[in-house]
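Engineer: The file below is run.cif, mmCIF, C-alpha atoms:
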data_my_file
#
loop_
_atom_site.group_PDB
_atom_site.id
_atom_site.type_symbol
_atom_site.label_atom_id
_atom_site.label_comp_id
_atom_site.auth_asym_id
_atom_site.auth_seq_id
_atom_site.Cartn_x
_atom_site.Cartn_y
_atom_site.Cartn_z
ATOM 1 C CA MET I 1 66.655 57.518 -4.734
ATOM 2 C CA ASN I 2 66.991 54.028 -6.201
ATOM 3 C CA ARG I 3 63.962 52.672 -8.081
ATOM 4 C CA GLY I 4 65.405 49.432 -9.490
ATOM 5 C CA TYR I 5 65.502 46.972 -6.610
ATOM 6 C CA SER I 6 62.384 48.027 -4.711
ATOM 7 C CA ALA I 7 60.243 48.519 -7.806
ATOM 8 C CA GLU I 8 61.249 45.143 -9.225
ATOM 9 C CA ILE I 9 60.496 43.297 -6.009
ATOM 10 C CA MET I 10 57.184 44.975 -5.319
ATOM 11 C CA LEU I 11 55.829 44.769 -8.862
ATOM 12 C CA THR I 12 56.814 41.221 -9.789
ATOM 13 C CA THR I 13 55.813 39.301 -6.692
ATOM 14 C CA THR I 14 53.760 39.577 -3.553
ATOM 15 C CA ARG I 15 55.818 37.001 -1.674
ATOM 16 C CA ILE I 16 59.581 36.741 -1.480
ATOM 17 C CA ASP I 17 61.953 34.857 0.762
ATOM 18 C CA PRO I 18 63.093 37.308 3.476
ATOM 19 C CA GLU I 19 66.687 36.086 3.449
ATOM 20 C CA GLN I 20 66.852 36.442 -0.326
ATOM 21 C CA ALA I 21 65.403 39.951 -0.112
ATOM 22 C CA ALA I 22 67.943 40.959 2.535
ATOM 23 C CA ARG I 23 70.847 39.549 0.547
ATOM 24 C CA ARG I 24 69.811 41.234 -2.701
ATOM 25 C CA LEU I 25 69.482 44.592 -1.004
ATOM 26 C CA GLN I 26 72.908 44.255 0.602
ATOM 27 C CA LEU I 27 74.481 43.376 -2.748
ATOM 28 C CA GLU I 28 72.981 46.535 -4.228
ATOM 29 C CA LEU I 29 74.314 48.639 -1.365
ATOM 30 C CA TRP I 30 77.751 47.101 -1.823
ATOM 31 C CA ASP I 31 77.700 47.727 -5.588
ATOM 32 C CA ARG I 32 76.820 51.400 -4.948
ATOM 33 C CA GLN I 33 79.227 51.966 -2.077
ATOM 34 C CA CYS I 34 81.074 54.796 -3.814
ATOM 35 C CA ALA I 35 77.870 56.829 -3.971
ATOM 36 C CA LEU I 36 76.570 55.822 -0.552
ATOM 37 C CA TRP I 37 79.860 56.226 1.336
ATOM 38 C CA PRO I 38 81.829 58.719 -0.780
ATOM 39 C CA GLY I 39 85.484 58.683 0.128
ATOM 40 C CA GLY I 40 84.912 56.152 2.879
ATOM 41 C CA SER I 41 86.424 52.755 3.565
ATOM 42 C CA VAL I 42 83.489 50.343 3.410
ATOM 43 C CA THR I 43 83.355 46.957 5.120
ATOM 44 C CA PRO I 44 80.802 44.175 4.511
ATOM 45 C CA LEU I 45 79.159 44.987 7.843
ATOM 46 C CA ASP I 46 78.474 48.557 6.683
ATOM 47 C CA VAL I 47 75.851 47.255 4.257
ATOM 48 C CA CYS I 48 73.981 45.752 7.232
ATOM 49 C CA ASP I 49 72.938 49.259 8.283
ATOM 50 C CA PRO I 50 69.150 49.707 7.949
ATOM 51 C CA TRP I 51 69.499 53.516 8.215
ATOM 52 C CA VAL I 52 71.492 53.487 4.967
ATOM 53 C CA ALA I 53 69.150 50.919 3.400
ATOM 54 C CA ALA I 54 66.012 52.945 4.147
ATOM 55 C CA ARG I 55 67.469 56.123 2.665
ATOM 56 C CA TYR I 56 68.729 54.173 -0.360
ATOM 57 C CA LEU I 57 65.158 52.998 -0.984
ATOM 58 C CA GLY I 58 64.020 56.620 -0.987
ATOM 59 C CA TYR I 59 62.574 56.827 2.525
ATOM 60 C CA GLU I 60 63.184 59.639 4.954
ATOM 61 C CA VAL I 61 64.083 58.188 8.334
ATOM 62 C CA GLN I 62 62.786 60.176 11.276
ATOM 63 C CA GLU I 63 63.837 59.608 14.859
ATOM 64 C CA GLY I 64 61.864 61.208 17.648
ATOM 65 C CA TRP I 65 59.015 60.931 20.087
ATOM 66 C CA LEU I 66 56.098 59.060 18.521
ATOM 67 C CA SER I 67 52.563 59.700 19.734
ATOM 68 C CA SER I 68 50.400 56.642 20.422
ATOM 69 C CA THR I 69 47.194 58.655 19.985
ATOM 70 C CA GLY I 70 44.498 56.555 18.390
ATOM 71 C CA THR I 71 46.028 53.226 19.401
ATOM 72 C CA ALA I 72 44.738 50.706 21.918
ATOM 73 C CA PRO I 73 45.363 51.477 25.608
ATOM 74 C CA GLY I 74 48.834 50.387 26.649
ATOM 75 C CA PHE I 75 50.103 50.267 23.058
ATOM 76 C CA GLN I 76 53.672 51.558 22.889
ATOM 77 C CA LEU I 77 54.635 52.898 19.474
ATOM 78 C CA GLY I 78 58.116 51.920 18.376
ATOM 79 C CA GLY I 79 57.935 52.845 14.718
ATOM 80 C CA PHE I 80 55.715 53.405 11.722
ATOM 81 C CA ILE I 81 55.700 53.497 7.940
ATOM 82 C CA SER I 82 53.905 55.928 5.690
ATOM 83 C CA ARG I 83 54.403 54.702 2.144
ATOM 84 C CA PRO I 84 52.610 57.676 0.520
ATOM 85 C CA ALA I 85 54.864 60.116 2.408
ATOM 86 C CA MET I 86 57.937 57.862 1.968
ATOM 87 C CA VAL I 87 58.698 58.091 5.678
ATOM 88 C CA ILE I 88 59.842 55.545 8.242
ATOM 89 C CA ALA I 89 59.914 56.737 11.837
ATOM 90 C CA VAL I 90 61.450 55.096 14.893
ATOM 91 C CA SER I 91 60.955 56.078 18.508
ATOM 92 C CA ALA I 92 63.850 57.883 20.159
ATOM 93 C CA GLU I 93 62.623 56.491 23.478
ATOM 94 C CA GLN I 94 63.936 53.032 22.597
ATOM 95 C CA LYS I 95 67.459 51.744 23.073
ATOM 96 C CA PRO I 96 69.693 51.980 19.968
ATOM 97 C CA ARG I 97 69.667 48.218 19.444
ATOM 98 C CA THR I 98 65.857 48.156 19.525
ATOM 99 C CA GLN I 99 65.736 51.092 17.099
ATOM 100 C CA LEU I 100 68.077 49.191 14.779
ATOM 101 C CA PHE I 101 65.971 46.038 14.685
ATOM 102 C CA THR I 102 62.699 47.973 14.424
ATOM 103 C CA LEU I 103 64.037 49.952 11.465
ATOM 104 C CA ALA I 104 65.339 46.806 9.725
ATOM 105 C CA HIS I 105 61.913 45.257 10.300
ATOM 106 C CA GLU I 106 60.231 48.268 8.663
ATOM 107 C CA VAL I 107 62.600 48.066 5.674
ATOM 108 C CA GLY I 108 61.484 44.460 5.318
ATOM 109 C CA HIS I 109 57.864 45.605 5.154
ATOM 110 C CA VAL I 110 58.759 48.193 2.497
ATOM 111 C CA LEU I 111 60.346 45.574 0.250
ATOM 112 C CA MET I 112 58.069 42.609 0.780
ATOM 113 C CA HIS I 113 54.621 44.024 1.510
ATOM 114 C CA PRO I 114 53.648 46.611 -1.128
ATOM 115 C CA GLY I 115 50.038 46.731 0.064
ATOM 116 C CA LEU I 116 51.088 48.015 3.470
ATOM 117 C CA HIS I 117 50.642 51.785 3.100
ATOM 118 C CA HIS I 118 50.386 52.907 6.716
ATOM 119 C CA HIS I 119 51.632 50.714 9.520
ATOM 120 C CA ARG I 120 52.308 51.194 13.215
ATOM 121 C CA GLU I 121 54.681 48.993 15.140
ATOM 122 C CA THR I 122 55.447 48.250 18.767
ATOM 123 C CA PRO I 123 59.161 48.330 19.693
ATOM 124 C CA ILE I 124 60.862 45.213 18.339
ATOM 125 C CA HIS I 125 63.845 44.084 20.378
ATOM 126 C CA GLY I 126 64.846 41.259 18.068
ATOM 127 C CA LEU I 127 63.997 37.745 17.006
ATOM 128 C CA THR I 128 62.027 35.779 19.567
ATOM 129 C CA GLU I 129 61.356 32.132 20.245
ATOM 130 C CA PRO I 130 58.954 30.448 20.765
ATOM 131 C CA ARG I 131 56.578 33.461 20.858
ATOM 132 C CA GLU I 132 56.716 34.584 17.230
ATOM 133 C CA PRO I 133 54.186 37.095 15.833
ATOM 134 C CA THR I 134 50.944 35.511 14.670
ATOM 135 C CA ASP I 135 50.704 37.753 11.590
ATOM 136 C CA PRO I 136 52.672 36.172 8.677
ATOM 137 C CA LYS I 137 53.780 39.608 7.454
ATOM 138 C CA GLU I 138 55.259 40.384 10.872
ATOM 139 C CA ARG I 139 57.114 37.062 10.915
ATOM 140 C CA GLU I 140 58.483 37.772 7.450
ATOM 141 C CA ALA I 141 59.621 41.270 8.434
ATOM 142 C CA ASN I 142 61.288 39.870 11.557
ATOM 143 C CA ARG I 143 63.043 37.220 9.485
ATOM 144 C CA PHE I 144 64.193 39.881 7.042
ATOM 145 C CA ALA I 145 65.570 41.994 9.898
ATOM 146 C CA GLY I 146 67.447 39.064 11.415
ATOM 147 C CA CYS I 147 69.013 38.121 8.073
ATOM 148 C CA PHE I 148 69.798 41.725 7.164
ATOM 149 C CA LEU I 149 71.505 42.546 10.451
ATOM 150 C CA VAL I 150 73.249 39.161 10.699
ATOM 151 C CA PRO I 151 73.951 37.901 7.160
ATOM 152 C CA GLU I 152 75.034 34.278 7.028
ATOM 153 C CA LYS I 153 78.296 34.822 5.136
ATOM 154 C CA GLN I 154 79.587 37.474 7.541
ATOM 155 C CA LEU I 155 78.406 35.473 10.542
ATOM 156 C CA ARG I 156 80.311 32.406 9.364
ATOM 157 C CA LEU I 157 83.488 34.433 8.883
ATOM 158 C CA ALA I 158 83.165 36.058 12.310
ATOM 159 C CA PHE I 159 82.384 32.710 13.940
ATOM 160 C CA LEU I 160 85.497 31.107 12.454
ATOM 161 C CA ALA I 161 87.642 34.054 13.553
ATOM 162 C CA CYS I 162 86.309 33.812 17.120
ATOM 163 C CA PHE I 163 86.153 30.090 17.723
ATOM 164 C CA GLY I 164 88.630 28.720 15.200
ATOM 165 C CA GLU I 165 85.984 26.226 14.086
ATOM 166 C CA LYS I 166 83.411 26.110 11.299
ATOM 167 C CA ASN I 167 80.818 25.045 13.856
ATOM 168 C CA LEU I 168 80.576 23.935 17.464
ATOM 169 C CA ASN I 169 79.061 20.729 18.774
ATOM 170 C CA LEU I 170 77.885 20.694 22.360
ATOM 171 C CA THR I 171 80.314 18.412 24.170
ATOM 172 C CA ASP I 172 81.692 18.397 27.710
ATOM 173 C CA ASN I 173 84.913 20.001 26.471
ATOM 174 C CA VAL I 174 83.126 22.769 24.571
ATOM 175 C CA ALA I 175 80.807 23.480 27.506
ATOM 176 C CA TRP I 176 83.823 23.654 29.843
ATOM 177 C CA GLU I 177 85.596 26.101 27.521
ATOM 178 C CA LEU I 178 82.521 28.320 27.536
ATOM 179 C CA LEU I 179 81.414 28.150 31.167
ATOM 180 C CA GLY I 180 84.186 26.561 33.205
ATOM 181 C CA GLY I 181 83.019 24.838 36.365
ATOM 182 C CA SER I 182 79.357 25.551 35.723
ATOM 183 C CA TYR I 183 79.439 23.696 32.410
ATOM 184 C CA THR I 184 77.000 21.044 33.645
ATOM 185 C CA SER I 185 74.172 23.596 33.602
ATOM 186 C CA LEU I 186 74.613 23.799 29.850
ATOM 187 C CA MET I 187 74.838 20.051 29.383
ATOM 188 C CA ASN I 188 71.621 19.588 31.372
ATOM 189 C CA ALA I 189 69.631 22.275 29.532
ATOM 190 C CA PRO I 190 66.651 20.983 27.510
ATOM 191 C CA SER I 191 67.647 20.143 23.946
ATOM 192 C CA HIS I 192 64.924 22.407 22.507
ATOM 193 C CA SER I 193 66.125 25.453 24.461
ATOM 194 C CA LEU I 194 68.424 28.170 23.144
ATOM 195 C CA ALA I 195 70.755 27.825 26.142
ATOM 196 C CA PHE I 196 73.790 26.675 24.138
ATOM 197 C CA GLU I 197 73.192 29.184 21.371
ATOM 198 C CA ARG I 198 72.851 32.071 23.842
ATOM 199 C CA VAL I 199 76.085 31.152 25.601
ATOM 200 C CA VAL I 200 77.923 31.058 22.263
ATOM 201 C CA ALA I 201 76.327 34.347 21.198
ATOM 202 C CA GLN I 202 77.650 36.059 24.331
ATOM 203 C CA ALA I 203 81.004 34.270 24.630
ATOM 204 C CA LYS I 204 84.097 36.474 24.781
ATOM 205 C CA HIS I 205 86.774 33.808 25.021
ATOM 206 C CA PHE I 206 87.359 30.317 23.694
ATOM 207 C CA GLY I 207 90.423 28.130 23.312
ATOM 208 C CA GLY I 208 92.661 30.701 24.973
ATOM 209 C CA HIS I 209 91.566 33.491 22.626
ATOM 210 C CA HIS I 210 89.639 36.618 23.619
ATOM 211 C CA PHE I 211 87.296 38.394 21.240
ATOM 212 C CA ARG I 212 84.234 40.585 21.019
ATOM 213 C CA ALA I 213 80.980 38.708 21.571
ATOM 214 C CA LEU I 214 79.137 37.908 18.353
ATOM 215 C CA HIS I 215 75.927 39.636 19.412
ATOM 216 C CA GLU I 216 77.914 42.797 20.171
ATOM 217 C CA LEU I 217 79.815 42.619 16.894
ATOM 218 C CA PHE I 218 76.558 42.584 14.912
ATOM 219 C CA ASP I 219 74.772 44.868 17.406
ATOM 220 C CA VAL I 220 71.795 42.583 18.018
ATOM 221 C CA SER I 221 70.267 41.004 21.107
ATOM 222 C CA PRO I 222 71.750 37.738 22.434
ATOM 223 C CA THR I 223 68.517 35.953 21.513
ATOM 224 C CA THR I 224 68.589 37.261 17.939
ATOM 225 C CA MET I 225 72.164 36.043 17.565
ATOM 226 C CA ALA I 226 71.293 32.720 19.197
ATOM 227 C CA ILE I 227 68.509 32.134 16.678
ATOM 228 C CA ARG I 228 70.763 33.058 13.770
ATOM 229 C CA LEU I 229 73.427 30.644 15.064
ATOM 230 C CA ARG I 230 70.828 27.880 15.103
ATOM 231 C CA GLU I 231 69.381 28.800 11.697
ATOM 232 C CA THR I 232 72.813 28.735 10.055
ATOM 233 C CA GLY I 233 73.863 25.463 11.698
ATOM 234 C CA LEU I 234 76.892 26.994 13.391
ATOM 235 C CA VAL I 235 75.995 25.412 16.726
ATOM 236 C CA LEU I 236 74.909 21.796 16.928
ATOM 237 C CA ARG I 237 73.662 19.488 19.650
#
Once you've parsed the file, please lay out its structure as structure tokens.
Structural biologist:
Amino acid sequence: MNRGYSAEIMLTTTRIDPEQAARRLQLELWDRQCALWPGGSVTPLDVCDPWVAARYLGYEVQEGWLSSTGTAPGFQLGGFISRPAMVIAVSAEQKPRTQLFTLAHEVGHVLMHPGLHHHRETPIHGLTEPREPTDPKEREANRFAGCFLVPEKQLRLAFLACFGEKNLNLTDNVAWELLGGSYTSLMNAPSHSLAFERVVAQAKHFGGHHFRALHELFDVSPTTMAIRLRETGLVLR
């Protein structure tokens, strides 16, 4: 188990920028790749794996059926943390992508919220907008998960490889490349919506090139990828 990163974060501050926390953890995983992936060929996307991150921080990750006994009626349990037992559990009833985001969210709690000793979570499918959690700690953990699963540097590299551009501005030509004859639906979408970002997140061809959709490459929901594209300024209106 590693004590350096988590102990330093939790003992020196009660608040930390989620993106900074995600980046620092990934740098540690990369620096220790020989121990974490012995004999393996490691890519930058490998350090975006919350299963590896949780175990690196000393937590046992359990996957299985989680009982909602003792919770409010209708509450669906997606995951929980027990800091005293050093356990993070995720529900096996959820889709793999939901498990991934829920686990990354729980890792965010572990690093940023040392006073959270026992915590139950509903399934978390990804970043949402405009209905963000009201609890600041939940918003921070969501932000951590989004940044951990979709780090800006790797997203920029993947974006350039897919689209051949450092960013995309919404123009008639770009909309046509993405949607063909139905491009006007994108041009007429409200400026505050995520319509453009979602289309880019799910695009599989552009400029005559075919590629894997960005949200599939990073294994996140289209909405999570759309929000990350907006946050990083890769798509512009």
Engineer: When you draw a straight line from atom CA of Thr102 of chain I to atom CA of Gly78 of chain I, how long is it in Å?
Structural biologist: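 Computing it gives 7.2 Å between the two atoms.
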Engineer: Name all residues at most 8 Å from Arg23 of chain I (count all atoms listed in the file; drop same-chain ones fewer than 4 positions away) and give them as a list in words.
Structural biologist: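 Once the adjacent positions are removed, what remains is Glu19, Leu27, Cys147, Phe148 and Pro151 of chain I.
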Engineer: Which residue is closest to Arg143 of chain I? Choose from I:Ile16, I:Val47, I:Leu77, I:Leu155 and count only C-alpha atoms.
Structural biologist: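 Closest candidate: I:Ile16.
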Engineer: What's the separation between atom CA of Glu60 of chain I and atom CA of Met225 of chain I, in Å to one decimal place?
Structural biologist: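 Taking atom CA of Glu60 of chain I and atom CA of Met225 of chain I, their separation equals 28.2 Å.
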Engineer: Find the spatial neighbours of Ala213 of chain I, counting all atoms listed in the file, within a cut-off of 6 Å - ignore same-chain residues fewer than 5 positions away - and output them as a PyMOL selection string.
Structural biologist: chain I and resi 202-204
Engineer: Between atom CA of Ala21 of chain I and atom CA of Pro123 of chain I, measure the distance and give it in Å to one decimal.
Structural biologist: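 Between atom CA of Ala21 of chain I and atom CA of Pro123 of chain I the gap works out to 22.4 Å.
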Engineer: Evaluate the PyMOL selection byres ((chain I and resi 90) around 7) against this structure - the residues, as a PyMOL selection string, please.
Structural biologist: chain I and resi 62-64+78-80+88-89+91-92+99+103
Engineer: Restricting the calculation to all atoms listed in the file: of I:Ser185, I:Ser221, I:Ser193, I:Gln154, which residue gets closest to His125 of chain I?
Structural biologist: I:Ser221
Engineer: Taking the file as I've supplied it (selection: the PyMOL selection byres ((chain I and resi 194-197) around 9)), which residues are included? Please answer as a PyMOL selection string.
Structural biologist: chain I and resi 129+170+175+186-187+189-193+198-202+222-223+225-230+235-237
Engineer: When distances are computed from only C-alpha atoms, which of I:Leu100, I:Phe163, I:His118, I:His215 shows the smallest separation from Glu177 of chain I?
Structural biologist: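 Between I:Leu100, I:Phe163, I:His118, I:His215, the residue approaching Glu177 of chain I most closely is I:Phe163.
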Engineer: Write out as a JSON list (two decimals) with C-alpha atoms, in the coordinates of the input the residues lying within 12 Å of Glu165 of chain I, counting all atoms listed in the file and excluding same-chain residues fewer than 3 positions away.
Structural biologist:
[["chain", "number", "residue", "atom", "x", "y", "z"],
["I", 156, "ARG", "CA", 80.31, 32.41, 9.36],
["I", 157, "LEU", "CA", 83.49, 34.43, 8.88],
["I", 158, "ALA", "CA", 83.16, 36.06, 12.31],
["I", 159, "PHE", "CA", 82.38, 32.71, 13.94],
["I", 160, "LEU", "CA", 85.50, 31.11, 12.45],
["I", 161, "ALA", "CA", 87.64, 34.05, 13.55],
["I", 162, "CYS", "CA", 86.31, 33.81, 17.12],
["I", 168, "LEU", "CA", 80.58, 23.94, 17.46],
["I", 169, "ASN", "CA", 79.06, 20.73, 18.77],
["I", 174, "VAL", "CA", 83.13, 22.77, 24.57],
["I", 206, "PHE", "CA", 87.36, 30.32, 23.69],
["I", 207, "GLY", "CA", 90.42, 28.13, 23.31],
["I", 234, "LEU", "CA", 76.89, 26.99, 13.39],
["I", 235, "VAL", "CA", 76.00, 25.41, 16.73]]
Engineer: From the set I:Asn188, I:Thr128, I:Gln20, I:Ser82, which residue has the shortest atom-to-atom contact distance to Met112 of chain I, counting all atoms listed in the file?
Structural biologist: I:Gln20
Engineer: Go through I:Pro96, I:Pro44, I:Gly146, I:Gly233 one by one, measure the shortest atom-to-atom distance of each to Asn167 of chain I using all atoms listed in the file, and give the residue with the smallest value.
Structural biologist: I:Gly233
Engineer: I'd like the neighbourhood of Tyr59 of chain I as a count of residues only, where a residue qualifies if any of its atoms comes within 10 Å (using all atoms listed in the file), though same-chain residues fewer than 3 positions away should be ignored.
Structural biologist: 18
Engineer: Would you mind telling me which residue in I:Glu93, I:Glu106, I:Glu231, I:Asp49 lies nearest to Glu140 of chain I when using only C-alpha atoms?
Structural biologist: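 Counting only C-alpha atoms, the residue closest to Glu140 of chain I is I:Glu106.
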Engineer: For segment 118-131 of chain I, what centre and edge lengths in Å (one decimal) does the axis-aligned box get once 3 Å is added on each side of all its listed atoms, as JSON?
Structural biologist:
{"center_x": 57.6, "center_y": 41.7, "center_z": 13.8, "size_x": 20.5, "size_y": 28.5, "size_z": 20.1}
